[in-house]
>>> print(open('protein_15.csv').read())   # CSV, C-alpha atoms and all ligand atoms
chain,number,residue,atom,x,y,z
A,1,MET,CA,40.2,-19.6,-30.7
A,2,THR,CA,40.0,-22.5,-28.2
A,3,ASP,CA,43.7,-22.2,-27.7
A,4,LYS,CA,43.4,-18.6,-26.8
A,5,LEU,CA,40.5,-19.2,-24.4
A,6,LYS,CA,42.0,-22.1,-22.6
A,7,PRO,CA,44.7,-20.3,-20.6
A,8,LEU,CA,42.4,-17.4,-19.8
A,9,ARG,CA,39.8,-19.8,-18.5
A,10,GLU,CA,42.4,-21.6,-16.4
A,11,GLN,CA,43.3,-18.2,-14.9
A,12,ILE,CA,39.6,-17.5,-14.2
A,13,ASP,CA,39.3,-21.0,-12.5
A,14,ALA,CA,42.3,-20.1,-10.3
A,15,VAL,CA,40.8,-16.7,-9.4
A,16,ASP,CA,37.4,-18.4,-8.6
A,17,ALA,CA,39.2,-20.8,-6.3
A,18,GLN,CA,40.8,-17.8,-4.4
A,19,ILE,CA,37.4,-16.0,-4.3
A,20,LEU,CA,35.8,-19.1,-2.8
A,21,ASP,CA,38.6,-19.4,-0.1
A,22,LEU,CA,38.1,-15.8,0.8
A,23,LEU,CA,34.3,-16.1,0.9
A,24,SER,CA,34.6,-19.1,3.2
A,25,ARG,CA,37.0,-17.0,5.4
A,26,ARG,CA,34.5,-14.2,5.5
A,27,ALA,CA,31.6,-16.5,6.3
A,28,ARG,CA,33.5,-18.0,9.2
A,29,LEU,CA,34.2,-14.5,10.6
A,30,ALA,CA,30.5,-13.7,10.3
A,31,GLN,CA,29.8,-16.9,12.2
A,32,GLU,CA,32.1,-15.7,15.0
A,33,VAL,CA,30.3,-12.4,15.0
A,34,GLY,CA,27.1,-14.4,15.3
A,35,HIS,CA,28.4,-16.2,18.4
A,36,VAL,CA,29.4,-12.9,20.0
A,37,LYS,CA,26.0,-11.4,19.3
A,38,ALA,CA,24.3,-14.5,20.7
A,39,GLU,CA,26.1,-14.0,24.0
A,40,THR,CA,24.7,-10.5,24.4
A,41,ASN,CA,21.4,-11.1,22.6
A,42,ALA,CA,22.5,-8.3,20.1
A,43,PRO,CA,20.6,-7.9,16.8
A,44,VAL,CA,21.8,-9.9,13.9
A,45,PHE,CA,20.9,-7.5,11.1
A,46,ARG,CA,22.8,-4.2,11.4
A,47,PRO,CA,21.8,-2.0,8.4
A,48,GLU,CA,24.2,0.8,9.4
A,49,ARG,CA,27.1,-1.6,9.2
A,50,GLU,CA,25.9,-3.1,5.9
A,51,ALA,CA,25.5,0.4,4.5
A,52,GLN,CA,29.1,1.2,5.5
A,53,VAL,CA,30.4,-1.9,3.9
A,54,LEU,CA,28.6,-1.2,0.6
A,55,ARG,CA,29.8,2.4,0.6
A,56,ALA,CA,33.4,1.4,1.2
A,57,VAL,CA,33.2,-1.2,-1.6
A,58,ALA,CA,32.0,1.5,-4.1
A,59,GLU,CA,34.8,3.8,-2.9
A,60,ARG,CA,37.5,1.1,-3.2
A,61,ASN,CA,36.2,-0.3,-6.5
A,62,PRO,CA,39.1,-0.2,-9.0
A,63,GLY,CA,36.9,-1.2,-11.9
A,64,PRO,CA,36.2,-2.3,-14.6
A,65,LEU,CA,33.0,-3.6,-12.8
A,66,LYS,CA,30.5,-0.8,-12.1
A,67,ASP,CA,30.0,0.4,-8.5
A,68,ALA,CA,26.3,-0.7,-8.5
A,69,ASP,CA,27.2,-4.2,-9.8
A,70,VAL,CA,29.9,-4.6,-7.2
A,71,GLN,CA,27.5,-3.5,-4.5
A,72,THR,CA,24.9,-6.0,-5.7
A,73,ILE,CA,27.5,-8.8,-5.4
A,74,PHE,CA,28.5,-7.7,-1.9
A,75,ARG,CA,24.9,-7.3,-0.8
A,76,GLU,CA,24.4,-11.0,-1.6
A,77,ILE,CA,27.7,-11.9,0.1
A,78,MET,CA,26.5,-10.1,3.3
A,79,SER,CA,23.1,-11.7,3.0
A,80,ALA,CA,24.6,-15.2,2.8
A,81,CYS,CA,27.0,-14.4,5.7
A,82,ARG,CA,24.2,-12.9,7.8
A,83,SER,CA,22.0,-16.0,7.2
A,84,LEU,CA,24.7,-18.1,9.0
A,85,GLU,CA,24.0,-16.0,12.1
A,86,LYS,CA,20.2,-16.1,11.5
A,87,ARG,CA,17.9,-16.1,8.5
A,88,VAL,CA,15.8,-13.0,9.1
A,89,THR,CA,12.1,-13.1,8.2
A,90,VAL,CA,10.8,-10.0,6.3
A,91,ALA,CA,7.1,-9.3,5.9
A,92,TYR,CA,6.0,-7.4,2.7
A,93,LEU,CA,2.9,-6.7,0.6
A,94,GLY,CA,2.5,-9.9,-1.4
A,95,PRO,CA,1.9,-12.0,-3.2
A,96,ALA,CA,5.3,-12.9,-4.5
A,97,GLY,CA,6.3,-10.8,-7.5
A,98,THR,CA,5.3,-7.4,-6.2
A,99,PHE,CA,7.6,-4.4,-6.2
A,100,SER,CA,7.6,-4.7,-2.4
A,101,GLU,CA,9.3,-8.1,-2.8
A,102,GLN,CA,11.9,-6.6,-5.0
A,103,ALA,CA,12.5,-4.0,-2.3
A,104,VAL,CA,13.0,-6.8,0.3
A,105,TYR,CA,15.7,-8.3,-1.8
A,106,GLN,CA,17.3,-4.9,-2.5
A,107,GLN,CA,17.7,-4.3,1.3
A,108,PHE,CA,18.3,-7.8,2.6
A,109,GLY,CA,19.7,-9.8,-0.4
A,110,ARG,CA,18.2,-13.2,-1.3
A,111,ALA,CA,19.1,-15.1,1.8
A,112,VAL,CA,16.0,-14.1,3.7
A,113,GLU,CA,12.7,-15.6,4.5
A,114,GLY,CA,10.0,-13.5,2.7
A,115,LEU,CA,6.6,-13.4,4.4
A,116,PRO,CA,4.0,-12.2,1.9
A,117,CYS,CA,1.1,-10.4,3.5
A,118,VAL,CA,-2.4,-9.5,2.1
A,119,SER,CA,-2.2,-5.8,3.1
A,120,ILE,CA,0.0,-3.0,4.4
A,121,ASP,CA,-1.9,-3.4,7.7
A,122,GLU,CA,-0.9,-7.0,7.9
A,123,VAL,CA,2.8,-6.1,7.3
A,124,PHE,CA,2.7,-3.8,10.3
A,125,ARG,CA,0.8,-6.4,12.4
A,126,ALA,CA,3.3,-9.2,11.5
A,127,THR,CA,6.2,-7.0,12.4
A,128,GLU,CA,4.8,-5.6,15.6
A,129,ALA,CA,3.8,-9.1,16.8
A,130,GLY,CA,7.3,-10.4,15.9
A,131,THR,CA,6.0,-13.0,13.4
A,132,ALA,CA,8.5,-11.2,11.1
A,133,ASP,CA,11.8,-9.6,12.2
A,134,PHE,CA,11.2,-6.7,9.8
A,135,GLY,CA,8.6,-5.4,7.4
A,136,VAL,CA,8.9,-3.5,4.1
A,137,VAL,CA,6.2,-1.0,3.3
A,138,PRO,CA,5.8,1.5,0.4
A,139,VAL,CA,6.0,5.1,1.6
A,140,GLU,CA,5.9,7.3,-1.5
A,141,ASN,CA,5.8,7.0,-5.3
A,142,SER,CA,7.5,9.7,-7.4
A,143,SER,CA,4.4,10.1,-9.7
A,144,GLU,CA,1.5,9.5,-7.3
A,145,GLY,CA,2.9,10.8,-4.0
A,146,ALA,CA,2.5,9.4,-0.5
A,147,ILE,CA,1.0,6.0,0.3
A,148,ASN,CA,-1.5,7.3,2.9
A,149,ARG,CA,-2.2,4.0,4.6
A,150,THR,CA,1.5,3.6,5.4
A,151,LEU,CA,1.7,7.1,6.8
A,152,ASP,CA,-1.4,6.6,9.0
A,153,LEU,CA,0.0,3.3,10.3
A,154,MET,CA,3.4,4.8,11.0
A,155,LEU,CA,1.7,7.1,13.4
A,156,ALA,CA,0.2,4.3,15.5
A,157,THR,CA,2.8,1.6,15.3
A,158,THR,CA,5.4,0.7,18.0
A,159,THR,CA,7.9,-0.3,15.3
A,160,SER,CA,10.5,2.2,14.0
A,161,ILE,CA,12.1,2.7,10.6
A,162,SER,CA,15.5,1.1,10.2
A,163,GLY,CA,16.2,1.6,6.5
A,164,GLU,CA,14.8,2.9,3.3
A,165,VAL,CA,14.9,1.4,-0.2
A,166,SER,CA,14.1,3.2,-3.5
A,167,ILE,CA,13.5,1.1,-6.6
A,168,PRO,CA,12.6,2.0,-10.2
A,169,VAL,CA,9.0,1.0,-10.9
A,170,HIS,CA,8.5,-0.1,-14.5
A,171,HIS,CA,5.1,-1.4,-15.5
A,172,SER,CA,4.2,-3.8,-18.3
A,173,LEU,CA,0.9,-4.7,-19.9
A,174,MET,CA,0.6,-8.5,-20.0
A,175,THR,CA,-1.9,-11.2,-20.8
A,176,LYS,CA,-1.9,-15.0,-20.9
A,177,SER,CA,-1.4,-15.0,-24.7
A,178,GLY,CA,0.8,-12.0,-25.0
A,179,SER,CA,-1.8,-10.3,-27.3
A,180,MET,CA,-4.8,-8.1,-26.5
A,181,GLU,CA,-7.3,-10.1,-28.5
A,182,GLY,CA,-10.4,-10.9,-26.5
A,183,VAL,CA,-9.3,-8.7,-23.6
A,184,SER,CA,-12.2,-6.7,-22.0
A,185,VAL,CA,-10.7,-5.5,-18.7
A,186,VAL,CA,-7.3,-4.4,-17.4
A,187,CYS,CA,-6.5,-5.1,-13.8
A,188,ALA,CA,-3.9,-3.5,-11.5
A,189,HIS,CA,-3.4,-1.8,-8.1
A,190,SER,CA,-5.0,1.6,-8.2
A,191,GLN,CA,-1.6,3.2,-8.0
A,192,ALA,CA,-0.4,1.4,-11.1
A,193,LEU,CA,-3.6,2.3,-13.0
A,194,ALA,CA,-3.0,5.9,-12.1
A,195,GLN,CA,0.7,5.7,-13.1
A,196,CYS,CA,-0.2,4.4,-16.6
A,197,GLN,CA,-3.3,6.5,-17.3
A,198,VAL,CA,-1.8,8.4,-20.3
A,199,TYR,CA,-0.8,5.1,-21.9
A,200,LEU,CA,-4.2,3.5,-21.3
A,201,ASN,CA,-6.1,6.7,-22.5
A,202,THR,CA,-4.0,6.7,-25.7
A,203,HIS,CA,-4.0,3.0,-26.6
A,204,TYR,CA,-7.0,1.4,-24.9
A,205,PRO,CA,-9.5,4.2,-24.1
A,206,GLN,CA,-12.4,1.7,-24.2
A,207,LEU,CA,-11.0,-0.9,-21.9
A,208,GLU,CA,-12.6,-1.3,-18.5
A,209,ARG,CA,-10.0,-0.5,-15.7
A,210,ARG,CA,-10.4,-2.5,-12.5
A,211,ALA,CA,-8.4,-1.8,-9.3
A,212,VAL,CA,-7.4,-4.9,-7.4
A,213,ALA,CA,-5.4,-5.4,-4.2
A,214,SER,CA,-2.0,-5.7,-5.9
A,215,ASN,CA,-0.4,-5.9,-9.3
A,216,ALA,CA,0.7,-9.4,-8.6
A,217,GLU,CA,-2.9,-10.3,-7.9
A,218,ALA,CA,-3.8,-8.8,-11.3
A,219,ALA,CA,-1.1,-11.1,-12.8
A,220,VAL,CA,-2.6,-14.1,-11.1
A,221,MET,CA,-6.1,-13.1,-12.5
A,222,ALA,CA,-4.6,-12.7,-16.0
A,223,SER,CA,-3.0,-16.1,-15.9
A,224,ASN,CA,-6.4,-17.7,-15.2
A,225,ASP,CA,-8.5,-15.6,-17.5
A,226,PRO,CA,-7.7,-14.7,-21.2
A,227,SER,CA,-10.1,-11.7,-21.0
A,228,VAL,CA,-8.0,-10.0,-18.3
A,229,ALA,CA,-4.9,-8.0,-19.0
A,230,ALA,CA,-2.7,-7.1,-16.0
A,231,ILE,CA,-0.4,-4.2,-15.4
A,232,ALA,CA,2.5,-5.4,-13.2
A,233,SER,CA,6.3,-5.8,-13.2
A,234,GLU,CA,7.9,-8.1,-15.7
A,235,MET,CA,9.1,-10.2,-12.7
A,236,ALA,CA,5.5,-10.8,-11.7
A,237,GLY,CA,4.6,-11.6,-15.3
A,238,ALA,CA,7.3,-14.2,-15.6
A,239,GLN,CA,6.3,-15.7,-12.3
A,240,TYR,CA,2.7,-16.3,-13.6
A,241,GLN,CA,3.8,-17.1,-17.2
A,242,LEU,CA,2.3,-14.1,-18.9
A,243,GLY,CA,3.2,-12.7,-22.3
A,244,VAL,CA,4.3,-9.0,-22.5
A,245,VAL,CA,2.0,-6.9,-24.8
A,246,ALA,CA,3.9,-3.7,-24.0
A,247,GLY,CA,6.8,-2.9,-21.6
A,248,HIS,CA,7.6,0.4,-19.8
A,249,ILE,CA,4.1,1.8,-20.1
A,250,GLN,CA,4.3,4.0,-17.0
A,251,ASP,CA,3.7,7.7,-17.9
A,252,ASP,CA,6.9,8.8,-16.1
A,253,PRO,CA,10.0,6.9,-17.3
A,254,HIS,CA,11.7,7.7,-14.1
A,255,ASN,CA,8.9,6.4,-11.9
A,256,ARG,CA,10.2,5.2,-8.5
A,257,THR,CA,8.8,4.0,-5.2
A,258,ARG,CA,10.4,4.5,-1.9
A,259,PHE,CA,9.9,1.8,0.8
A,260,ALA,CA,10.6,1.9,4.5
A,261,VAL,CA,12.1,-1.0,6.5
A,262,ILE,CA,10.2,-1.3,9.8
A,263,GLY,CA,11.1,-3.3,12.9
A,264,HIS,CA,12.1,-3.1,16.5
A,265,LEU,CA,15.7,-2.2,15.8
A,266,LYS,CA,17.2,1.2,16.7
A,267,THR,CA,20.1,1.8,14.3
A,268,THR,CA,23.3,3.7,15.3
A,269,PRO,CA,24.7,6.4,13.0
A,270,SER,CA,26.3,5.2,9.8
A,271,GLY,CA,27.7,8.5,8.7
A,272,GLN,CA,25.1,9.2,6.1
A,273,ASP,CA,21.7,9.0,7.7
A,274,GLN,CA,18.2,10.4,7.6
A,275,THR,CA,15.6,10.8,10.4
A,276,SER,CA,11.9,10.6,9.9
A,277,LEU,CA,9.5,12.5,12.2
A,278,VAL,CA,5.8,13.0,12.7
A,279,LEU,CA,4.8,16.4,14.2
A,280,ALA,CA,1.6,18.4,14.9
A,281,VAL,CA,1.1,21.9,16.1
A,282,PRO,CA,-1.9,23.8,17.5
A,283,ASN,CA,-4.1,25.3,14.7
A,284,LYS,CA,-3.0,28.9,14.8
A,285,ALA,CA,-1.1,31.4,12.7
A,286,GLY,CA,2.6,31.0,12.3
A,287,ALA,CA,2.6,27.7,14.1
A,288,VAL,CA,4.2,25.6,11.3
A,289,TYR,CA,6.8,28.3,10.7
A,290,ASN,CA,7.8,28.3,14.4
A,291,LEU,CA,7.7,24.6,14.6
A,292,LEU,CA,10.4,24.2,11.9
A,293,ALA,CA,12.6,27.2,12.9
A,294,PRO,CA,15.0,25.0,15.0
A,295,LEU,CA,16.0,23.1,11.9
A,296,ALA,CA,17.2,26.3,10.2
A,297,THR,CA,18.9,27.4,13.5
A,298,HIS,CA,20.9,24.2,13.7
A,299,GLY,CA,21.6,23.9,10.0
A,300,VAL,CA,19.6,20.7,9.6
A,301,SER,CA,18.3,20.2,6.0
A,302,MET,CA,14.7,19.1,5.6
A,303,THR,CA,14.3,16.6,2.6
A,304,ARG,CA,10.6,15.9,2.9
A,305,PHE,CA,7.5,17.6,4.2
A,306,GLU,CA,4.1,15.9,3.9
A,307,SER,CA,0.8,16.6,5.7
A,308,ARG,CA,-2.0,14.2,6.6
A,309,PRO,CA,-5.3,15.3,8.1
A,310,ALA,CA,-5.6,14.2,11.8
A,311,ARG,CA,-9.1,12.8,10.9
A,312,MET,CA,-10.7,14.4,14.0
A,313,GLY,CA,-12.8,16.8,11.9
A,314,THR,CA,-10.9,19.8,13.2
A,315,TRP,CA,-8.7,20.6,10.1
A,316,GLU,CA,-5.7,19.7,12.1
A,317,TYR,CA,-2.8,18.0,10.4
A,318,TYR,CA,0.1,15.7,11.1
A,319,PHE,CA,3.3,16.6,9.4
A,320,TYR,CA,5.7,13.9,8.2
A,321,VAL,CA,9.1,15.4,8.0
A,322,ASP,CA,12.4,13.8,6.9
A,323,VAL,CA,15.7,15.6,7.9
A,324,GLU,CA,19.3,14.8,7.0
A,325,GLY,CA,21.4,13.2,9.7
A,326,HIS,CA,20.9,10.8,12.6
A,327,GLU,CA,19.0,11.7,15.8
A,328,GLN,CA,22.3,11.1,17.7
A,329,ASP,CA,24.2,13.6,15.5
A,330,GLU,CA,24.8,16.7,17.6
A,331,PRO,CA,23.0,19.3,15.4
A,332,VAL,CA,20.0,17.0,14.8
A,333,ALA,CA,19.8,16.2,18.5
A,334,ARG,CA,19.7,19.9,19.4
A,335,ALA,CA,17.2,20.7,16.7
A,336,LEU,CA,14.9,17.9,17.7
A,337,HIS,CA,15.1,18.9,21.4
A,338,GLU,CA,13.8,22.4,20.5
A,339,LEU,CA,11.3,21.1,17.9
A,340,LYS,CA,9.7,18.9,20.6
A,341,ASP,CA,9.0,22.0,22.7
A,342,ASN,CA,7.2,23.7,19.9
A,343,ALA,CA,5.1,20.7,18.9
A,344,SER,CA,1.8,19.4,20.3
A,345,PHE,CA,2.7,16.0,19.0
A,346,PHE,CA,6.2,14.7,18.4
A,347,LYS,CA,7.4,11.2,17.3
A,348,VAL,CA,10.7,10.1,15.9
A,349,LEU,CA,9.8,7.3,13.4
A,350,GLY,CA,13.5,6.4,13.1
A,351,SER,CA,17.0,7.3,12.1
A,352,TYR,CA,18.5,5.1,9.4
A,353,PRO,CA,21.2,4.9,6.7
A,354,LEU,CA,20.4,6.8,3.4
A,355,SER,CA,19.6,4.3,0.6
A,356,LEU,CA,22.3,3.8,-1.9
A,401,LIG,C1,28.7,-9.8,10.4
A,401,LIG,C2,27.8,-9.0,10.9
A,401,LIG,O1,26.4,-9.3,10.9
A,401,LIG,C3,25.6,-9.0,9.7
A,401,LIG,C4,26.4,-9.3,8.5
A,401,LIG,C5,27.2,-8.3,7.9
A,401,LIG,C6,28.3,-8.7,6.9
A,401,LIG,O2,28.2,-9.8,6.4
A,401,LIG,O3,29.2,-7.9,6.7
A,401,LIG,C7,27.1,-7.0,8.4
A,401,LIG,C8,26.2,-6.6,9.3
A,401,LIG,C9,25.2,-7.5,9.9
A,401,LIG,O4,24.0,-7.3,9.2
A,401,LIG,C10,28.2,-7.8,11.6
A,401,LIG,O5,27.4,-7.2,12.4
A,401,LIG,O6,29.3,-7.3,11.5
>>> encode(input="protein_15.csv", output="structure tokens")
Amino acid sequence: MTDKLKPLREQIDAVDAQILDLLSRRARLAQEVGHVKAETNAPVFRPEREAQVLRAVAERNPGPLKDADVQTIFREIMSACRSLEKRVTVAYLGPAGTFSEQAVYQQFGRAVEGLPCVSIDEVFRATEAGTADFGVVPVENSSEGAINRTLDLMLATTTSISGEVSIPVHHSLMTKSGSMEGVSVVCAHSQALAQCQVYLNTHYPQLERRAVASNAEAAVMASNDPSVAAIASEMAGAQYQLGVVAGHIQDDPHNRTRFAVIGHLKTTPSGQDQTSLVLAVPNKAGAVYNLLAPLATHGVSMTRFESRPARMGTWEYYFYVDVEGHEQDEPVARALHELKDNASFFKVLGSYPLSL
């Protein structure tokens, strides 16, 4: 067996040496890009370019590696190359181990400076103030719907959206011992408790459920107190040395959360983009219909429509609308121009590459 492995391993060693040479060449090119950008004060992180690189890699992939795996490798290569230009700081809803942190890595790779924040408000503040270059905030969960605090803050913020990330959200029930003996309370973020209610009703109907600031905080509590069970990601459980009582306990096996990347960057078209808007209309018959008519006229698809009360006690609403395409794409630009005329409030939250 060893005789057969030896020549194969020698070939792998030779290939690795070539990969390393190529990686170094790529890294030096990224450094040159960095110097050019520094001369003009241009932004280091260019999500539209990174999205194009990742799409091209999947298209060119000859196999046998899976497209998603090749993209993961290239995301990290770009992350490491980018960090030679500048290591970007990204604020997210902490502590470490939250799904928000996973979303940060999914968008930026590992070569970033994560800045865990205590609340979604804090993520917006850190990004607006420039303490962080970017922020990552949850926008919508496939089971529970919109994250209202994010929507409200989007309205008021001076930042814009420069990317989106969608990640699978799998919850585990975990305790310090890995068993439920002596456990009297289960802690998690209110969204996670809601996403696991059928499981909890079926298996632990008597257990007190307590909503805390984040699932990672629940994991910290469980690591300090044997009477507390936490619902959190396995990543958070591992971070705080918890034992898994049951995995994949979310009621919807396809549960996902979509996150927005916010910052001061305006991205240019990548070829496959989305634009997020907030709109309002006067409270009268047919107003919403008329508002959206320009999208149909110019053949622009709407992929999301969400309403939030304007909170002025007048039953007026803000509409959060996502459309296909970049605001600089001709049909979108035309539709938005007309939309603006029909709306009593109009704000483009950002145009950004579609998530992979
Ligand atoms: C090298 C660049 O800078 C960053 C790194 C990239 C890469 O490694 O491919 C791509 C885009 C930027 O986020 C660039 O802008 O081309």
>>> closest_atom_pairs(input="protein_15.csv", of="segment 248-286 of chain A", to="segment 124-137 of chain A", cutoff="8 Å", atoms="only C-alpha atoms", output="JSON lines")
{"residue": "A:Phe259", "atom": "CA", "partner": "A:Val137", "partner_atom": "CA", "distance": 5.3}
{"residue": "A:Ala260", "atom": "CA", "partner": "A:Val137", "partner_atom": "CA", "distance": 5.4}
{"residue": "A:Val261", "atom": "CA", "partner": "A:Val136", "partner_atom": "CA", "distance": 4.7}
{"residue": "A:Ile262", "atom": "CA", "partner": "A:Gly135", "partner_atom": "CA", "distance": 5.0}
{"residue": "A:Gly263", "atom": "CA", "partner": "A:Phe134", "partner_atom": "CA", "distance": 4.6}
{"residue": "A:His264", "atom": "CA", "partner": "A:Phe134", "partner_atom": "CA", "distance": 7.7}
>>> residues_near_point(input="protein_15.csv", point="(30.9, 2.1, -6.2)", cutoff="6 Å", atoms="only C-alpha atoms", output="NGL selection string")
:A and (58-59 or 61 or 67-68)
>>> residues_around(input="protein_15.csv", residues="segment 251-254 of chain A", least_positions_apart="2", cutoff="8 Å", atoms="all atoms listed in the file", output="PyMOL selection string")
chain A and resi 143+168-170+195-199+248-249+256
>>> residues_near_ligand(input="protein_15.csv", ligand="ligand LIG 401 (chain A)", cutoff="7 Å", atoms="all atoms listed in the file", output="count of residues only")
15
>>> atom_distance(input="protein_15.csv", atom1="atom CA of His189 of chain A", atom2="atom CA of Leu349 of chain A")
26.8 Å
>>> residues_around(input="protein_15.csv", residues="Leu155 of chain A", least_positions_apart="6", cutoff="10 Å", atoms="only C-alpha atoms", output="count of residues only")
8
>>> closest_residue(input="protein_15.csv", among="A:Ala96, A:Ile147, A:Val165, A:Leu29", to="Gln239 of chain A", atoms="all atoms listed in the file")
A:Ala96
>>> closest_residue(input="protein_15.csv", among="A:Arg149, A:Lys86, A:Arg258, A:Arg304", to="Gln107 of chain A", atoms="only C-alpha atoms")
A:Arg258
>>> atom_distance(input="protein_15.csv", atom1="atom CA of Val244 of chain A", atom2="atom CA of Ser184 of chain A")
16.7 Å
>>> decode(input="protein_15.csv", residues="segment 282-295 of chain A", atoms="N, CA and C atoms", output="PDB file, in the first residue's frame")
ATOM      1  N   PRO A 282     -48.979  58.315  -0.567  1.00  0.00           N
ATOM      2  CA  PRO A 282     -50.087  58.896   0.198  1.00  0.00           C
ATOM      3  C   PRO A 282     -51.168  57.834   0.399  1.00  0.00           C
ATOM      4  N   ASN A 283     -51.869  57.900   1.529  1.00  0.00           N
ATOM      5  CA  ASN A 283     -52.866  56.886   1.893  1.00  0.00           C
ATOM      6  C   ASN A 283     -54.161  57.077   1.096  1.00  0.00           C
ATOM      7  N   LYS A 284     -54.170  56.617  -0.172  1.00  0.00           N
ATOM      8  CA  LYS A 284     -55.424  56.702  -0.948  1.00  0.00           C
ATOM      9  C   LYS A 284     -55.538  55.538  -1.936  1.00  0.00           C
ATOM     10  N   ALA A 285     -56.764  55.294  -2.390  1.00  0.00           N
ATOM     11  CA  ALA A 285     -57.044  54.110  -3.202  1.00  0.00           C
ATOM     12  C   ALA A 285     -56.167  54.038  -4.442  1.00  0.00           C
ATOM     13  N   GLY A 286     -55.643  52.845  -4.711  1.00  0.00           N
ATOM     14  CA  GLY A 286     -54.865  52.623  -5.926  1.00  0.00           C
ATOM     15  C   GLY A 286     -53.442  53.141  -5.883  1.00  0.00           C
ATOM     16  N   ALA A 287     -53.062  53.741  -4.740  1.00  0.00           N
ATOM     17  CA  ALA A 287     -51.741  54.389  -4.676  1.00  0.00           C
ATOM     18  C   ALA A 287     -50.595  53.379  -4.830  1.00  0.00           C
ATOM     19  N   VAL A 288     -50.721  52.215  -4.159  1.00  0.00           N
ATOM     20  CA  VAL A 288     -49.632  51.221  -4.228  1.00  0.00           C
ATOM     21  C   VAL A 288     -49.560  50.638  -5.636  1.00  0.00           C
ATOM     22  N   TYR A 289     -50.723  50.408  -6.213  1.00  0.00           N
ATOM     23  CA  TYR A 289     -50.786  49.883  -7.590  1.00  0.00           C
ATOM     24  C   TYR A 289     -50.064  50.835  -8.544  1.00  0.00           C
ATOM     25  N   ASN A 290     -50.405  52.103  -8.445  1.00  0.00           N
ATOM     26  CA  ASN A 290     -49.770  53.100  -9.334  1.00  0.00           C
ATOM     27  C   ASN A 290     -48.275  53.221  -9.063  1.00  0.00           C
ATOM     28  N   LEU A 291     -47.936  53.121  -7.783  1.00  0.00           N
ATOM     29  CA  LEU A 291     -46.526  53.246  -7.392  1.00  0.00           C
ATOM     30  C   LEU A 291     -45.664  52.232  -8.130  1.00  0.00           C
ATOM     31  N   LEU A 292     -46.176  50.979  -8.186  1.00  0.00           N
ATOM     32  CA  LEU A 292     -45.352  49.889  -8.715  1.00  0.00           C
ATOM     33  C   LEU A 292     -45.469  49.705 -10.229  1.00  0.00           C
ATOM     34  N   ALA A 293     -46.431  50.382 -10.837  1.00  0.00           N
ATOM     35  CA  ALA A 293     -46.661  50.208 -12.277  1.00  0.00           C
ATOM     36  C   ALA A 293     -45.389  50.383 -13.133  1.00  0.00           C
ATOM     37  N   PRO A 294     -44.502  51.348 -12.838  1.00  0.00           N
ATOM     38  CA  PRO A 294     -43.301  51.512 -13.682  1.00  0.00           C
ATOM     39  C   PRO A 294     -42.417  50.264 -13.748  1.00  0.00           C
ATOM     40  N   LEU A 295     -42.454  49.436 -12.698  1.00  0.00           N
ATOM     41  CA  LEU A 295     -41.635  48.218 -12.729  1.00  0.00           C
ATOM     42  C   LEU A 295     -42.118  47.318 -13.858  1.00  0.00           C
TER      43      LEU A 295
END
